[in-house]
Structures are given as structure tokens and as C-alpha cells.
$ cat target.cif   # mmCIF, C-alpha atoms and all ligand atoms
data_start
#
loop_
_atom_site.label_atom_id
_atom_site.label_comp_id
_atom_site.auth_asym_id
_atom_site.auth_seq_id
_atom_site.Cartn_x
_atom_site.Cartn_y
_atom_site.Cartn_z
CA MET A 1 27.86 7.34 9.03
CA ALA A 2 25.32 6.21 6.48
CA THR A 3 25.71 7.87 3.08
CA LEU A 4 23.33 8.56 0.23
CA TYR A 5 23.69 5.93 -2.46
CA TYR A 6 22.47 6.19 -6.01
CA GLY A 7 23.43 2.77 -7.35
CA TYR A 8 21.22 -0.25 -7.61
CA ASP A 9 22.78 -2.31 -4.80
CA TYR A 10 22.07 0.05 -1.92
CA ASP A 11 21.97 -1.44 1.60
CA THR A 12 18.75 -0.02 2.88
CA ILE A 13 16.24 2.77 2.60
CA CYS A 14 15.44 5.45 5.18
CA LEU A 15 12.04 4.59 6.62
CA ASN A 16 11.24 8.28 6.98
CA CYS A 17 12.27 9.93 3.70
CA GLY A 18 12.85 6.92 1.44
CA GLU A 19 16.41 7.86 0.42
CA LYS A 20 18.61 4.96 -0.72
CA LEU A 21 21.57 4.54 1.60
CA ALA A 22 24.87 2.72 1.97
CA LEU A 23 25.73 1.65 5.53
CA GLU A 24 29.04 1.14 7.27
CA GLU A 25 29.89 -2.23 8.81
CA GLU A 26 29.61 -0.74 12.32
CA GLU A 27 26.09 0.43 11.64
CA LYS A 28 25.10 -2.97 10.30
CA LYS A 29 26.38 -4.54 13.53
CA SER A 30 24.81 -2.00 15.87
CA GLY A 31 21.47 -2.24 14.09
CA LYS A 32 21.02 1.53 14.10
CA PHE A 33 21.79 4.30 11.68
CA THR A 34 20.99 7.97 11.22
CA CYS A 35 19.73 9.10 7.83
CA PRO A 36 22.14 11.72 6.36
CA ASN A 37 19.27 13.27 4.43
CA CYS A 38 16.61 13.84 7.10
CA GLY A 39 18.37 12.93 10.36
CA PHE A 40 15.86 10.21 11.19
CA GLU A 41 17.09 7.50 13.60
CA ASN A 42 16.40 4.26 11.78
CA LEU A 43 16.49 0.81 13.29
CA ILE A 44 17.68 -2.03 11.10
CA GLN A 45 15.09 -4.58 11.91
CA PRO A 46 15.41 -8.29 11.66
CA GLU A 47 12.29 -9.70 10.14
CA ILE A 48 10.94 -11.25 13.31
CA ILE A 49 7.23 -10.74 13.11
CA LYS A 50 5.29 -10.89 16.32
CA SER A 51 2.03 -12.79 16.35
CA ASP A 52 0.04 -9.70 17.34
CA GLU A 53 1.45 -7.94 14.25
CA LYS A 54 0.15 -10.76 12.08
CA THR A 55 -3.28 -10.46 13.64
CA LEU A 56 -3.17 -6.69 13.25
CA SER A 57 -2.25 -6.96 9.57
CA LEU A 58 -5.29 -9.20 9.07
CA VAL A 59 -7.53 -6.59 10.69
CA LEU A 60 -5.73 -3.94 8.66
CA TYR A 61 -6.62 -5.33 5.22
CA LEU A 62 -10.14 -6.19 6.31
CA SER A 63 -10.57 -2.49 7.10
CA PHE A 64 -11.73 -2.38 3.49
CA PHE A 65 -15.11 -3.09 5.10
CA TYR A 66 -14.81 -0.53 7.93
CA GLY A 67 -12.59 2.44 8.90
CA PHE A 68 -11.64 2.78 5.24
CA ILE A 69 -8.18 4.46 4.72
CA ILE A 70 -8.34 6.03 8.21
CA PHE A 71 -7.67 2.79 10.08
CA PRO A 72 -4.60 1.84 7.99
CA ALA A 73 -3.35 5.44 8.29
CA ILE A 74 -3.50 5.18 12.09
CA ILE A 75 -1.67 1.83 12.02
CA TYR A 76 0.95 3.34 9.73
CA ALA A 77 1.47 6.34 12.03
CA VAL A 78 1.87 4.08 15.07
CA TYR A 79 4.10 1.42 13.52
CA LYS A 80 6.18 3.14 10.85
CA ASN A 81 9.24 3.42 13.10
CA LYS A 82 8.68 0.19 14.98
CA SER A 83 8.05 -2.55 12.49
CA ARG A 84 8.85 -2.75 8.80
CA PHE A 85 6.31 -5.53 8.43
CA MET A 86 3.51 -3.30 9.71
CA CYS A 87 4.92 -0.31 7.84
CA PHE A 88 4.81 -2.24 4.55
CA HIS A 89 1.35 -3.71 5.03
CA SER A 90 -0.28 -0.53 6.35
CA LEU A 91 1.15 1.55 3.48
CA GLN A 92 -0.01 -1.08 1.02
CA ALA A 93 -3.52 -1.11 2.51
CA ILE A 94 -3.70 2.72 2.27
CA TYR A 95 -2.54 2.78 -1.37
CA PHE A 96 -4.84 -0.09 -2.28
CA GLN A 97 -7.93 1.48 -0.74
CA ILE A 98 -7.14 4.83 -2.39
CA SER A 99 -6.71 3.01 -5.75
CA ILE A 100 -10.15 1.44 -5.36
CA VAL A 101 -11.69 4.86 -4.68
CA ILE A 102 -9.97 6.27 -7.79
CA LEU A 103 -11.25 3.32 -9.87
CA PHE A 104 -14.78 4.00 -8.64
CA ILE A 105 -14.51 7.67 -9.61
CA ILE A 106 -13.22 6.75 -13.09
CA VAL A 107 -16.12 4.30 -13.55
CA PHE A 108 -18.69 6.92 -12.45
CA VAL A 109 -17.31 9.68 -14.64
CA PHE A 110 -17.05 7.36 -17.65
CA SER A 111 -20.60 6.00 -17.21
CA PHE A 112 -22.16 9.45 -16.96
CA THR A 113 -20.19 10.65 -19.96
CA VAL A 114 -21.49 7.69 -21.96
CA SER A 115 -25.12 8.09 -20.89
CA SER A 116 -25.27 11.88 -21.30
CA SER A 117 -23.48 12.04 -24.65
CA TYR A 118 -25.93 9.67 -26.31
CA HIS A 119 -28.97 10.79 -24.40
CA TYR A 120 -30.68 12.65 -27.24
CA GLU A 121 -30.06 10.00 -29.84
CA SER A 122 -31.53 7.06 -28.08
CA ARG A 123 -33.05 6.14 -24.76
CA ASP A 124 -31.13 2.89 -24.77
CA SER A 125 -27.82 4.73 -24.44
CA GLY A 126 -28.80 6.07 -21.04
CA LEU A 127 -29.63 2.53 -20.08
CA MET A 128 -26.30 1.38 -21.50
CA GLY A 129 -24.45 3.94 -19.36
CA MET A 130 -26.33 2.80 -16.26
CA SER A 131 -25.65 -0.88 -16.98
CA PHE A 132 -21.99 -0.10 -17.52
CA LEU A 133 -21.95 1.77 -14.21
CA LEU A 134 -23.60 -1.10 -12.39
CA ILE A 135 -21.43 -3.86 -13.86
CA SER A 136 -18.10 -2.06 -13.61
CA SER A 137 -18.67 -0.70 -10.11
CA LEU A 138 -19.57 -4.22 -8.99
CA LEU A 139 -16.37 -5.42 -10.65
CA VAL A 140 -14.28 -2.77 -8.85
CA TYR A 141 -15.99 -3.69 -5.59
CA PHE A 142 -15.19 -7.39 -6.06
CA ILE A 143 -11.56 -6.58 -6.92
CA GLY A 144 -11.45 -4.62 -3.66
CA ILE A 145 -12.97 -7.49 -1.66
CA TRP A 146 -10.82 -10.15 -3.30
CA PHE A 147 -7.43 -8.48 -2.74
CA SER A 148 -8.38 -7.28 0.75
CA ILE A 149 -9.19 -10.80 1.88
CA TYR A 150 -6.25 -12.35 0.01
CA ALA A 151 -3.72 -9.85 1.41
CA ALA A 152 -5.25 -10.19 4.88
CA VAL A 153 -4.69 -13.96 4.87
CA LYS A 154 -1.21 -13.73 3.30
CA SER A 155 -0.03 -11.13 5.83
CA PHE A 156 -1.57 -13.16 8.65
CA TYR A 157 0.86 -15.92 7.65
CA GLY A 158 3.70 -13.41 7.92
CA THR A 159 4.50 -13.00 4.23
CA ARG A 160 5.40 -9.80 2.43
CA TYR A 161 2.57 -10.26 -0.04
CA LYS A 162 2.59 -7.63 -2.78
CA ILE A 163 -0.71 -6.53 -4.31
CA PRO A 164 -0.32 -6.33 -8.13
CA VAL A 165 0.59 -2.92 -9.63
CA ILE A 166 1.00 -0.97 -6.37
CA GLY A 167 2.87 -3.58 -4.28
CA ASN A 168 6.30 -3.31 -5.91
CA TYR A 169 6.65 0.42 -5.31
CA ILE A 170 5.74 0.10 -1.62
CA TYR A 171 7.94 -2.94 -1.16
CA GLU A 172 10.95 -1.09 -2.54
CA ARG A 173 10.21 1.90 -0.37
CA VAL A 174 10.12 -0.18 2.84
CA TYR A 175 12.45 -3.10 2.21
CA GLY A 176 14.80 -1.75 -0.47
CA ASN A 177 16.64 -4.56 -2.24
CA GLU A 178 15.92 -7.27 0.29
ZN ZN A 201 15.78 10.01 5.81
#
$ encode --input "target.cif" --output "C-alpha cells"
Amino acid sequence: MATLYYGYDYDTICLNCGEKLALEEEEKKSGKFTCPNCGFENLIQPEIIKSDEKTLSLVLYLSFFYGFIIFPAIIYAVYKNKSRFMCFHSLQAIYFQISIVILFIIVFVFSFTVSSSYHYESRDSGLMGMSFLLISSLLVYFIGIWFSIYAAVKSFYGTRYKIPVIGNYIYERVYGNE
């Protein structure tokens, strides 16, 4: 039976609850184990990535331009127990697209704070706030486009490409120490 493991060199992570686990030799051979924390039947998957998964991961990241967040969430729901590759990339696409939304909100709030706080002192400050809004939202948009296309191509070639800042956390959650 798999056991909860708190050290650094754990064998794997439960795909359902994310608990770090140590496996027995038998489980490693059989390729199956039950999570002692949540009872989820995990499959230890060899990293054989099917070609349709590669194509799907391409479509997944390009969903930045359509089906925002919803499309990756559907892919995640369908694949989370079937393929770690798709699990990793769909989670990463969800987190990335949410991060971009949060960045946009921060930019908006900051710009309006700037333009309203200086409004009575000078007309130019309102203009400054609007220019800041325009430039930084364009910047956020280009960051979104750049990493969506880059991750789409990388995943299409079957790599476990990690988007900066958010990628490490998701990688550890799906692949553990691999
Ligand atoms: Zn679990």
C-alpha cells in the first residue's frame, strides 16, 4: 500500500489530491496504486505521449485566443486521470490564462488610481494614466500571446515546457520529483 511521505525524495504524487507518496515495489511493477489519503486509483504512467495528445496540447495553449480558461478546464477534466502530459499542460494553461486576467485587473486598477488621484492637479495626469493603461495592457496582452504560442509549440514537440513563475508549482504537482 502506498503511504504518505513527507521527505524530499518521494516516489510520486497523487493526481487527485496532490499528496506526496512512497510506493512499494509491487505497486511500481503493477503500475497502479491507491492513494491512502483520498482513495483515488492512480495509474503510474510511462511518459509515452500519443500524437493526438501533442496536437491537443497545441490547441490547448492557443485557446488563449478562444474558449479562454473554459477550454483548458474541459481538457483537464477529461484527461486528468488518463494522461499526465495532458494533465500538466491543461493545468498550466488554466493557471497561465488566469494569471493574465489578474495582471489585466492590476493594470486597470493601477491606471485608474493614477489618473483619478491626480485629476484635479493637472489634466496631463489623466492622460498619463490612460497612456499607462494602454501601454501596460498591450504589454500584458503580448506576454499572453508570446507564452501561449511558445508553450503550444513546445508541448506539440512533446516536452514538459514550464512557463516561468507558475510552471514549477504545476510541474511538481503532476510529476513530483521526476
Ligand atoms: Zn489522493
$ closest_residue --input "target.cif" --among "A:Ser90, A:Ser137, A:Thr113, A:Asn81" --to "ligand ZN 201 (chain A)" --atoms "all atoms listed in the file"
A:Asn81
$ residues_around --input "target.cif" --residues "region 157-159 of chain A" --least-positions-apart "4" --cutoff "12 Å" --atoms "all atoms listed in the file" --output "list of chain:residue names"
A:Glu47, A:Ile48, A:Ile49, A:Lys50, A:Ser51, A:Asp52, A:Glu53, A:Lys54, A:Thr55, A:Leu56, A:Ser57, A:Leu58, A:Arg84, A:Phe85, A:Met86, A:Phe88, A:His89, A:Tyr150, A:Ala151, A:Ala152, A:Val153, A:Ile163, A:Tyr171
$ closest_atom_pairs --input "target.cif" --of "chain A" --to "ligand ZN 201 (chain A)" --cutoff "12 Å" --atoms "all atoms listed in the file" --output "JSON lines"
{"residue": "A:Ala2", "atom": "CA", "partner": "A:ZN201", "partner_atom": "ZN", "distance": 10.3}
{"residue": "A:Thr3", "atom": "CA", "partner": "A:ZN201", "partner_atom": "ZN", "distance": 10.5}
{"residue": "A:Leu4", "atom": "CA", "partner": "A:ZN201", "partner_atom": "ZN", "distance": 9.5}
{"residue": "A:Thr12", "atom": "CA", "partner": "A:ZN201", "partner_atom": "ZN", "distance": 10.9}
{"residue": "A:Ile13", "atom": "CA", "partner": "A:ZN201", "partner_atom": "ZN", "distance": 7.9}
{"residue": "A:Cys14", "atom": "CA", "partner": "A:ZN201", "partner_atom": "ZN", "distance": 4.6}
{"residue": "A:Leu15", "atom": "CA", "partner": "A:ZN201", "partner_atom": "ZN", "distance": 6.6}
{"residue": "A:Asn16", "atom": "CA", "partner": "A:ZN201", "partner_atom": "ZN", "distance": 5.0}
{"residue": "A:Cys17", "atom": "CA", "partner": "A:ZN201", "partner_atom": "ZN", "distance": 4.1}
{"residue": "A:Gly18", "atom": "CA", "partner": "A:ZN201", "partner_atom": "ZN", "distance": 6.1}
{"residue": "A:Glu19", "atom": "CA", "partner": "A:ZN201", "partner_atom": "ZN", "distance": 5.8}
{"residue": "A:Lys20", "atom": "CA", "partner": "A:ZN201", "partner_atom": "ZN", "distance": 8.7}
{"residue": "A:Leu21", "atom": "CA", "partner": "A:ZN201", "partner_atom": "ZN", "distance": 9.0}
{"residue": "A:Phe33", "atom": "CA", "partner": "A:ZN201", "partner_atom": "ZN", "distance": 10.2}
{"residue": "A:Thr34", "atom": "CA", "partner": "A:ZN201", "partner_atom": "ZN", "distance": 7.8}
{"residue": "A:Cys35", "atom": "CA", "partner": "A:ZN201", "partner_atom": "ZN", "distance": 4.5}
{"residue": "A:Pro36", "atom": "CA", "partner": "A:ZN201", "partner_atom": "ZN", "distance": 6.6}
{"residue": "A:Asn37", "atom": "CA", "partner": "A:ZN201", "partner_atom": "ZN", "distance": 5.0}
{"residue": "A:Cys38", "atom": "CA", "partner": "A:ZN201", "partner_atom": "ZN", "distance": 4.1}
{"residue": "A:Gly39", "atom": "CA", "partner": "A:ZN201", "partner_atom": "ZN", "distance": 6.0}
{"residue": "A:Phe40", "atom": "CA", "partner": "A:ZN201", "partner_atom": "ZN", "distance": 5.4}
{"residue": "A:Glu41", "atom": "CA", "partner": "A:ZN201", "partner_atom": "ZN", "distance": 8.3}
{"residue": "A:Asn42", "atom": "CA", "partner": "A:ZN201", "partner_atom": "ZN", "distance": 8.3}
{"residue": "A:Leu43", "atom": "CA", "partner": "A:ZN201", "partner_atom": "ZN", "distance": 11.9}
{"residue": "A:Asn81", "atom": "CA", "partner": "A:ZN201", "partner_atom": "ZN", "distance": 11.8}
{"residue": "A:Arg173", "atom": "CA", "partner": "A:ZN201", "partner_atom": "ZN", "distance": 11.6}
$ atom_distance --input "target.cif" --atom1 "CA of Phe112 (chain A)" --atom2 "CA of Ser99 (chain A)"
20.1 Å
$ atom_distance --input "target.cif" --atom1 "CA of Ile166 (chain A)" --atom2 "CA of Ile100 (chain A)"
11.5 Å
$ closest_residue --input "target.cif" --among "A:Met1, A:Cys87, A:Val140, A:Ile70" --to "Ile106 (chain A)" --atoms "all atoms listed in the file"
A:Val140
$ residues_near_point --input "target.cif" --point "(-3.8, 4.9, -3.5)" --cutoff "12 Å" --atoms "all atoms listed in the file" --output "PDB file with C-alpha atoms, in the coordinates of the input"
ATOM      1  CA  PHE A  68     -11.640   2.780   5.240  1.00  0.00           C
ATOM      2  CA  ILE A  69      -8.180   4.460   4.720  1.00  0.00           C
ATOM      3  CA  PRO A  72      -4.600   1.840   7.990  1.00  0.00           C
ATOM      4  CA  ALA A  73      -3.350   5.440   8.290  1.00  0.00           C
ATOM      5  CA  SER A  90      -0.280  -0.530   6.350  1.00  0.00           C
ATOM      6  CA  LEU A  91       1.150   1.550   3.480  1.00  0.00           C
ATOM      7  CA  GLN A  92      -0.010  -1.080   1.020  1.00  0.00           C
ATOM      8  CA  ALA A  93      -3.520  -1.110   2.510  1.00  0.00           C
ATOM      9  CA  ILE A  94      -3.700   2.720   2.270  1.00  0.00           C
ATOM     10  CA  TYR A  95      -2.540   2.780  -1.370  1.00  0.00           C
ATOM     11  CA  PHE A  96      -4.840  -0.090  -2.280  1.00  0.00           C
ATOM     12  CA  GLN A  97      -7.930   1.480  -0.740  1.00  0.00           C
ATOM     13  CA  ILE A  98      -7.140   4.830  -2.390  1.00  0.00           C
ATOM     14  CA  SER A  99      -6.710   3.010  -5.750  1.00  0.00           C
ATOM     15  CA  ILE A 100     -10.150   1.440  -5.360  1.00  0.00           C
ATOM     16  CA  VAL A 101     -11.690   4.860  -4.680  1.00  0.00           C
ATOM     17  CA  ILE A 102      -9.970   6.270  -7.790  1.00  0.00           C
ATOM     18  CA  LEU A 103     -11.250   3.320  -9.870  1.00  0.00           C
ATOM     19  CA  ILE A 163      -0.710  -6.530  -4.310  1.00  0.00           C
ATOM     20  CA  VAL A 165       0.590  -2.920  -9.630  1.00  0.00           C
ATOM     21  CA  ILE A 166       1.000  -0.970  -6.370  1.00  0.00           C
ATOM     22  CA  GLY A 167       2.870  -3.580  -4.280  1.00  0.00           C
ATOM     23  CA  TYR A 169       6.650   0.420  -5.310  1.00  0.00           C
ATOM     24  CA  ILE A 170       5.740   0.100  -1.620  1.00  0.00           C
TER      25      ILE A 170
END
$ atom_distance --input "target.cif" --atom1 "CA of Tyr10 (chain A)" --atom2 "CA of Ala22 (chain A)"
5.5 Å
$ axis_aligned_box --input "target.cif" --around "region 56-66 of chain A" --padding-each-side "5 Å" --output "lines of an AutoDock Vina configuration file"
center_x = -8.7
center_y = -4.9
center_z = 8.4
size_x = 22.9
size_y = 18.7
size_z = 19.8
$ closest_residue --input "target.cif" --among "A:Ala77, A:Leu62, A:Asp11, A:Ile143" --to "Tyr175 (chain A)" --atoms "all atoms listed in the file"
A:Asp11
$ closest_residue --input "target.cif" --among "A:Tyr61, A:Gly176, A:Ile75, A:Tyr5" --to "Tyr161 (chain A)" --atoms "all atoms listed in the file"
A:Tyr61
$ build_atoms --input "target.cif" --residues "region 15-29 of chain A" --atoms "N, CA and C atoms" --output "mmCIF file, keeping the file's coordinate frame"
data_model
loop_
_atom_site.group_PDB
_atom_site.id
_atom_site.type_symbol
_atom_site.label_atom_id
_atom_site.label_comp_id
_atom_site.auth_asym_id
_atom_site.auth_seq_id
_atom_site.Cartn_x
_atom_site.Cartn_y
_atom_site.Cartn_z
ATOM 1 N N LEU A 15 13.480 4.828 6.434
ATOM 2 C CA LEU A 15 12.040 4.590 6.620
ATOM 3 C C LEU A 15 11.249 5.890 6.620
ATOM 4 N N ASN A 16 11.938 6.994 6.885
ATOM 5 C CA ASN A 16 11.240 8.280 6.980
ATOM 6 C C ASN A 16 11.149 8.998 5.636
ATOM 7 N N CYS A 17 12.296 9.129 4.929
ATOM 8 C CA CYS A 17 12.270 9.930 3.700
ATOM 9 C C CYS A 17 12.418 9.073 2.445
ATOM 10 N N GLY A 18 12.776 7.798 2.599
ATOM 11 C CA GLY A 18 12.850 6.920 1.440
ATOM 12 C C GLY A 18 14.132 7.006 0.645
ATOM 13 N N GLU A 19 15.133 7.774 1.132
ATOM 14 C CA GLU A 19 16.410 7.860 0.420
ATOM 15 C C GLU A 19 17.138 6.520 0.457
ATOM 16 N N LYS A 20 17.803 6.183 -0.654
ATOM 17 C CA LYS A 20 18.610 4.960 -0.720
ATOM 18 C C LYS A 20 19.948 5.237 -0.038
ATOM 19 N N LEU A 21 20.368 4.294 0.802
ATOM 20 C CA LEU A 21 21.570 4.540 1.600
ATOM 21 C C LEU A 21 22.548 3.371 1.568
ATOM 22 N N ALA A 22 23.837 3.721 1.742
ATOM 23 C CA ALA A 22 24.870 2.720 1.970
ATOM 24 C C ALA A 22 25.254 2.809 3.447
ATOM 25 N N LEU A 23 25.408 1.655 4.109
ATOM 26 C CA LEU A 23 25.730 1.650 5.530
ATOM 27 C C LEU A 23 27.170 1.206 5.750
ATOM 28 N N GLU A 24 27.721 1.634 6.884
ATOM 29 C CA GLU A 24 29.040 1.140 7.270
ATOM 30 C C GLU A 24 28.860 -0.147 8.054
ATOM 31 N N GLU A 25 29.951 -0.929 8.121
ATOM 32 C CA GLU A 25 29.890 -2.230 8.810
ATOM 33 C C GLU A 25 29.434 -2.055 10.267
ATOM 34 N N GLU A 26 29.961 -1.005 10.913
ATOM 35 C CA GLU A 26 29.610 -0.740 12.320
ATOM 36 C C GLU A 26 28.105 -0.553 12.494
ATOM 37 N N GLU A 27 27.535 0.160 11.564
ATOM 38 C CA GLU A 27 26.090 0.430 11.640
ATOM 39 C C GLU A 27 25.292 -0.853 11.439
ATOM 40 N N LYS A 28 25.791 -1.691 10.535
ATOM 41 C CA LYS A 28 25.100 -2.970 10.300
ATOM 42 C C LYS A 28 25.117 -3.813 11.567
ATOM 43 N N LYS A 29 26.269 -3.759 12.297
ATOM 44 C CA LYS A 29 26.380 -4.540 13.530
ATOM 45 C C LYS A 29 25.514 -3.959 14.648
#
